[in-house]
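This report concerns only the one structure given below.
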Amino acid sequence: MDIRTATQPRIATGLTAGIGLTVVLLTLRALSPEEPSENLPELVQDFFTLSISVVIESLPFVFLGVILSIGVQLFVPARVFTRLLPTHPVARRAVMSLLGVLLPVCECGNVPLARGLLVKGLSVPEAMTFLLAAPILNPVTIITTYQAFGWDHGILLGRILGGFAIANLIGWLFSMHPRQEQLLTPRFEATCHVDHDKPVEGSRFRRGVLAFAEETSTMLPALIVGSAVAGAIQVGVSRDLLATLGGHPVLSVLALMALAFIIAICSNVDAFFILSFGSTFLPGSIVAFLVFGAMVDVKMLALLRTTFTASTLLRVTLTVGLCCLVLGLGVNLLA
Amino acid sequence: MSTDPAADGGGGPRPGRSRFRRVNGVVLTVLAGAAIALGAANATQGPRLNSAEINTRALVARAEQRLVLHANQSLTDIDASQVTVTPSVPVDVSVDAAAITIRFQEILDYDTDYSVSVADVTGAFTNAARRFDYDFVTPSVDVYTLLRNTTTEAGVDAPDRVLRNSPTGAESTVVFEAPRIQEYAASETVLMTVLQEQDDTTALVLTSLSDGVSTTVGTPAGGPLHDLRMSDELVGFRMGGELDAVTSTRPAPLFVLDLTDASGVPVQVVGLDGAPLPVLDYLFVPGTTALVAQAEDTQLYLVDPVTGTPPTPLGQHAELRGFVPGTTDLVVADPLSGSRIDLADGSVRPLDLPPAEADPVLTAGKIVVLGENTYLQQFDRFDYSEAQTSISSVLRLVDPTGTRPAYTPASESSRIRDFCMSPNGQLAAIEVVPAGSPVDDYDRLPAFTDITTYFVDVATGATRRSVSGFLPSWCR
């Protein structure tokens, strides 16, 4: 497939559709009453508020991730990875899990970046290790978690060490897969092949713009769908119910993992969000929230589905979930 | 995209995939097993004490302060009988989810090790029980005394000094000195002193207790400044005043200086009609910006000089006797009875104190009310058998169970000049004058040259410390 010829009509179509949609929305806004939201039921208002807040919170990181991804694809030669990364797979994944220290983006921004790394030739387990570890092992997340909890109850240490261990476990697990291309969606797998097989054409700027259009047109619908699902579940699930479970040493962990999955909050700010639950929920449940939510949530799954097959994501979710449950219960037992 | 070198493991696709599934299954099984084991261990373990919230400064300043113990899981209800506090203090207990709130019904003692033990703390979900133990130490408190030095040092008149003392420790430091200090008052951050100048005028000096820097404060004209008192941020003083020959009182205008007001100008307290109010006596209400002033006609007014709201009349009473420690309950005295006015709601209750049992030859003196039915009273014995009348004193604690000695000076010939209570009602500061001590030469607040102030634990009668000087800041 020729990227240039394939994407140009799509861009034109997308541009026309975008302009048309904008005109329709502006016309609707002009014709609608001053405060139309007041006429909506409270649940619908909450749904829009919560969904849009997830989109707004994630959008800068998605764009940052896309830009970093394109930067890696355009400016970082493939040989850099082969030269700089250790040759032993375990050591390579350990280094990849610490890459977030250099590229501090939220988990939603890591998806396009991980796609860029895959296109550039990194293995699926390495990209997956990076994807899961980077939202936790980056300076912004570590600092905000420290500011929220300090060294209390091992929450910060549990998050850092737990995040590192789980990401590397997942990386090791998927390194056992004999045909790693089967872990990827056929469409993305084809993109990887195209990128490898096709000679480089056009200026870097032109290729960057095209890649940006390609990535954002893949990421944004997934982000919006994921955010809408997160908003809908938050409206549907009672937060009081979650809070009453906070004092149970086992159910509190499950409750906050469920909350983390539902609210899909960025790892850079999730520590401050959960701080308000700190007095009612046990420390293990807080750690489980901070680790599980940074790795897997509804929005992330929607974004990851652009790249990985459903069965891969199911395995990741199940394994990460069990790891976080063990981590949370362990902290509750010891802290 | 590359494949991981470990991916194939040398086998073909079919055995490789089988191996992947096997490893995946083992990992998931191990994790599930670990989760079940940890879940079971969590579900059967008793609650643990994770953290505690306590403000020890508030504990020695007010009653009804709390200690919150945070457990690591939700708890069942706890009864006050499960809580043991050593030294003993009555408490109320409540449980909210994983937090136990222990409310101390009384003000705690200074510089004391407390142990709190909660027996049979039971998890709401696990039904397992454990005992919680928590220890804390209450802070000490500073009390100031005035040492009028009537001697000479290196051939020159020694200055007067204000000393900062720890009533339960051993430290005393000079925080201010000047040739002639008439009186002083102190808050946590500021020391105010009234200096007698050579021309018999007075000057008001503000000294920061953090850096020791002193500044003279401008005061209105109208005679010498006296009756200096302080609350946290307010300074009160009276100026001038003529002696009323009939009532033997000296009504004088009352001024209040707000230390948070950048203008630094004292404001005169006014009456209901907006005219300056000459007062006989006044007291700041603890922990507030209000004061109680006694007007010429003995009418009491509750005044808030900061908000400037009109004064609230509290009724006519002969004498202001102070506040019950740790409360805003004002004790007033009339010729035939006393009353207790709760300034929080304005309610007035007759002061129904048990009578003191004392030798008829003793002369009853000052009373300080400590609680509902408890008070300290001074008794003096006058001995006219010798050419010069000698006076000896004793302090007695009176409660419904009887009368017992609270403090007796070591020397039978010493007498008590004055006494007052610490803000928490634990310690009495007692000024003791030895026999034959000469009177100093101050016109206002005259005292004796060798006064020692003793700090006595009222509950035990133990003398915690003695320091040189008089006029303890608790009495201001």
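Order determines the names: the first chain of the structure tokens is A, the second B, and so forth; residues in each chain are numbered 1 upward, and ligands are numbered 1 upward as they are shown.
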May I have the residues of chain A within 8 Å of chain B, counting only C-alpha atoms, written as a PyMOL selection string?
-> chain A and resi 89+118-125+173-180+192-193+196+246-250+280-283+319+322-323+325-326+329-330+332-333+335
Show which residues sit within 9 Å of A:Gly231, as number ranges by chain. Count only C-alpha atoms, and ignore same-chain residues fewer than 3 positions away.
-> A: 46-54, 226-228, 234-236, 262-263
Residues of stretch 310-420 of chain B in strand (DSSP E), written as a PyMOL selection string = chain B and resi 310-316+319-323+329-333+338-342+348-350+363-369+375-383+390-399+402-407+415-420
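The residue that comes closest to B:Thr56, out of B:Leu204, B:Val116, B:Ile107, B:Leu302 and on the basis of only C-alpha atoms, is B:Ile107.
Take atom CA of B:Ala406 and atom CA of B:Gly287: the distance between them is 28.1 Å.
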Between A:Phe308, A:Phe212, A:Phe289, A:Phe164, single out the one closest to A:Leu68, counting only C-alpha atoms.
->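 Selected residue with least distance to A:Leu68: A:Phe212.
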Polymer residues at most 8 Å from A:Gly163, only C-alpha atoms, same-chain spacing of 5 or more positions, as a ChimeraX atom specification | /A:132-133,136-137,158,291
Dump N, CA and C atoms for the selected residues as a CSV table (one decimal), in the first residue's frame?
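As a result, selection-v4.csv now contains:
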```csv
chain,number,residue,atom,x,y,z
A,132,LEU,N,3.0,0.0,29.7
A,132,LEU,CA,2.4,-0.2,31.0
A,132,LEU,C,3.2,0.5,32.1
A,133,ALA,N,4.5,0.6,31.9
A,133,ALA,CA,5.4,1.2,32.9
A,133,ALA,C,5.5,2.7,32.9
A,136,ILE,N,3.6,5.3,35.0
A,136,ILE,CA,3.9,5.3,36.4
A,136,ILE,C,5.3,5.8,36.6
A,137,LEU,N,6.2,5.2,35.8
A,137,LEU,CA,7.7,5.5,36.0
A,137,LEU,C,8.1,6.7,35.2
A,158,GLY,N,5.0,1.3,46.7
A,158,GLY,CA,4.2,0.3,46.1
A,158,GLY,C,3.8,0.6,44.7
A,291,VAL,N,-1.9,1.9,40.4
A,291,VAL,CA,-1.2,1.1,39.5
A,291,VAL,C,-2.1,0.6,38.4
```
Got a sec: who's within 7 Å of A:Leu245, counting only C-alpha atoms, leaving out chain neighbours fewer than 6 positions off, as a PyMOL selection string?
-> chain A and resi 251-252+255
Those of stretch 41-267 of chain B in DSSP helix (DSSP H, G or I), formatted as a PyMOL selection string | chain B and resi 41-44+56-59+80-82
Grab the residues selected above and save them as a compact mmCIF listing (two decimals), in the first residue's frame with N, CA and C atoms.
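Printed below is result_21.txt as written:
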```txt
# COMPACT_ATOMS: atom_id res chain seq x y z
N ALA B 41 -6.07 -13.97 54.20
CA ALA B 41 -5.29 -13.42 55.31
C ALA B 41 -5.83 -12.05 55.72
N ASN B 42 -6.19 -11.24 54.73
CA ASN B 42 -6.75 -9.92 55.02
C ASN B 42 -8.09 -10.04 55.74
N ALA B 43 -8.89 -11.00 55.28
CA ALA B 43 -10.25 -11.12 55.80
C ALA B 43 -10.29 -11.61 57.23
N THR B 44 -9.18 -12.16 57.72
CA THR B 44 -9.20 -12.69 59.08
C THR B 44 -8.30 -11.92 60.03
N THR B 56 -1.70 18.69 70.19
CA THR B 56 -1.38 18.68 71.61
C THR B 56 -1.48 20.08 72.23
N ARG B 57 -1.26 21.12 71.44
CA ARG B 57 -1.40 22.49 71.98
C ARG B 57 -2.86 22.78 72.35
N ALA B 58 -3.76 22.28 71.50
CA ALA B 58 -5.19 22.50 71.79
C ALA B 58 -5.62 21.69 73.02
N LEU B 59 -4.98 20.55 73.22
CA LEU B 59 -5.37 19.69 74.35
C LEU B 59 -5.12 20.38 75.69
N ALA B 80 -17.10 3.91 75.55
CA ALA B 80 -16.10 4.65 76.33
C ALA B 80 -15.40 3.76 77.36
N SER B 81 -16.11 2.71 77.80
CA SER B 81 -15.49 1.83 78.80
C SER B 81 -14.32 1.03 78.23
N GLN B 82 -14.22 0.96 76.91
CA GLN B 82 -13.11 0.25 76.28
C GLN B 82 -11.84 1.10 76.23
```
Excluding B:Leu225 and residues on its chain fewer than 3 positions from it, collect all residues at most 7 Å away from it, counting only C-alpha atoms, and give them as a VMD selection string.
-> chain B and resid 202 237 to 240
Those residues with N, CA and C atoms, as a JSON list (two decimals), in the first residue's frame please?
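Written file, out_16.json:
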```
[["chain", "number", "residue", "atom", "x", "y", "z"],
["B", 202, "THR", "N", 4.36, 57.46, 82.08],
["B", 202, "THR", "CA", 4.51, 56.05, 81.71],
["B", 202, "THR", "C", 4.68, 55.92, 80.20],
["B", 237, "PHE", "N", -5.65, 48.74, 78.24],
["B", 237, "PHE", "CA", -5.09, 49.48, 79.36],
["B", 237, "PHE", "C", -6.03, 50.62, 79.75],
["B", 238, "ARG", "N", -5.94, 51.01, 81.01],
["B", 238, "ARG", "CA", -6.70, 52.18, 81.47],
["B", 238, "ARG", "C", -5.73, 53.33, 81.64],
["B", 239, "MET", "N", -6.25, 54.55, 81.57],
["B", 239, "MET", "CA", -5.39, 55.73, 81.71],
["B", 239, "MET", "C", -5.98, 56.69, 82.72],
["B", 240, "GLY", "N", -5.12, 57.21, 83.62],
["B", 240, "GLY", "CA", -5.52, 58.23, 84.59],
["B", 240, "GLY", "C", -6.61, 57.75, 85.51]]
```
Contacts of B:Gly218 within 9 Å, only C-alpha atoms, excl. fewer than 4 positions in-chain, as an mmCIF file with N, CA and C atoms, in the first residue's frame:
```cif
data_model
loop_
_atom_site.group_PDB
_atom_site.id
_atom_site.type_symbol
_atom_site.label_atom_id
_atom_site.label_comp_id
_atom_site.auth_asym_id
_atom_site.auth_seq_id
_atom_site.Cartn_x
_atom_site.Cartn_y
_atom_site.Cartn_z
ATOM 1 N N ALA B 203 5.356 54.875 79.798
ATOM 2 C CA ALA B 203 5.520 54.588 78.366
ATOM 3 C C ALA B 203 5.120 53.139 78.130
ATOM 4 N N LEU B 204 4.455 52.912 76.996
ATOM 5 C CA LEU B 204 4.040 51.549 76.642
ATOM 6 C C LEU B 204 4.998 51.016 75.583
ATOM 7 N N VAL B 205 5.623 49.893 75.864
ATOM 8 C CA VAL B 205 6.628 49.332 74.951
ATOM 9 C C VAL B 205 6.198 47.946 74.487
ATOM 10 N N GLY B 264 -1.996 51.177 64.391
ATOM 11 C CA GLY B 264 -1.332 51.204 65.692
ATOM 12 C C GLY B 264 -1.915 52.216 66.656
ATOM 13 N N VAL B 265 -3.152 52.641 66.411
ATOM 14 C CA VAL B 265 -3.772 53.650 67.276
ATOM 15 C C VAL B 265 -4.738 52.964 68.239
ATOM 16 N N PRO B 266 -4.555 53.160 69.550
ATOM 17 C CA PRO B 266 -5.505 52.565 70.505
ATOM 18 C C PRO B 266 -6.895 53.182 70.362
#
```
Could you pull the residues within 7 Å of stretch 291-296 of chain B, counting only C-alpha atoms, minus those fewer than 2 positions along the same chain, as a short mmCIF file (atom, residue, chain, number, x, y, z; two decimals) with N, CA and C atoms, in the first residue's frame?
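Result went into around_22.cif, see below:
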```cif
data_model
loop_
_atom_site.label_atom_id
_atom_site.label_comp_id
_atom_site.auth_asym_id
_atom_site.auth_seq_id
_atom_site.Cartn_x
_atom_site.Cartn_y
_atom_site.Cartn_z
N PRO B 251 -12.65 55.01 88.55
CA PRO B 251 -13.07 54.80 87.15
C PRO B 251 -12.13 55.53 86.20
N LEU B 277 -16.49 55.24 77.84
CA LEU B 277 -17.01 54.53 79.00
C LEU B 277 -15.92 54.42 80.07
N PRO B 278 -16.07 55.18 81.19
CA PRO B 278 -15.10 54.99 82.28
C PRO B 278 -15.36 53.64 82.93
N VAL B 279 -14.32 52.87 83.15
CA VAL B 279 -14.52 51.52 83.69
C VAL B 279 -13.75 51.35 84.99
N LEU B 280 -14.28 50.45 85.82
CA LEU B 280 -13.63 50.14 87.09
C LEU B 280 -12.67 48.96 86.93
N ASP B 281 -13.08 48.03 86.05
CA ASP B 281 -12.27 46.83 85.86
C ASP B 281 -12.64 46.24 84.50
N TYR B 282 -11.82 45.39 84.01
CA TYR B 282 -12.15 44.72 82.75
C TYR B 282 -11.34 43.44 82.64
N LEU B 283 -11.83 42.53 81.77
CA LEU B 283 -11.14 41.26 81.50
C LEU B 283 -11.35 40.89 80.04
N PHE B 284 -10.32 40.40 79.39
CA PHE B 284 -10.50 39.85 78.05
C PHE B 284 -11.14 38.46 78.16
N VAL B 285 -12.05 38.18 77.22
CA VAL B 285 -12.69 36.85 77.20
C VAL B 285 -11.71 35.89 76.50
N THR B 289 -12.06 38.02 70.72
CA THR B 289 -11.63 39.41 70.64
C THR B 289 -12.51 40.30 71.52
N THR B 298 -21.23 49.79 88.13
CA THR B 298 -21.02 48.33 88.27
C THR B 298 -21.77 47.51 87.24
N GLN B 299 -22.37 48.18 86.25
CA GLN B 299 -22.99 47.46 85.14
C GLN B 299 -21.88 46.81 84.31
N LEU B 300 -22.07 45.53 83.95
CA LEU B 300 -21.08 44.85 83.11
C LEU B 300 -21.52 44.91 81.65
N TYR B 301 -20.55 45.10 80.77
CA TYR B 301 -20.82 45.12 79.34
C TYR B 301 -19.89 44.14 78.64
N LEU B 302 -20.46 43.43 77.67
CA LEU B 302 -19.64 42.61 76.79
C LEU B 302 -19.33 43.46 75.55
N VAL B 303 -18.06 43.72 75.31
CA VAL B 303 -17.65 44.66 74.26
C VAL B 303 -16.74 43.92 73.28
N ASP B 304 -16.98 44.12 71.98
CA ASP B 304 -16.03 43.61 70.98
C ASP B 304 -15.41 44.80 70.27
#
```
Atom CA of A:Met257 and atom CA of A:Gly284, how far apart in Å?
->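 It comes out at 10.6 Å.
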Find the distance between atom CA of B:Phe419 and atom CA of B:Ala63 and write it in Å to one decimal.
-> 22.7 Å
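Each of A:Leu31, A:Ala288, A:Ile274, A:Leu183 was checked against A:Thr145 using only C-alpha atoms; the smallest atom-to-atom distance is that of A:Ile274.
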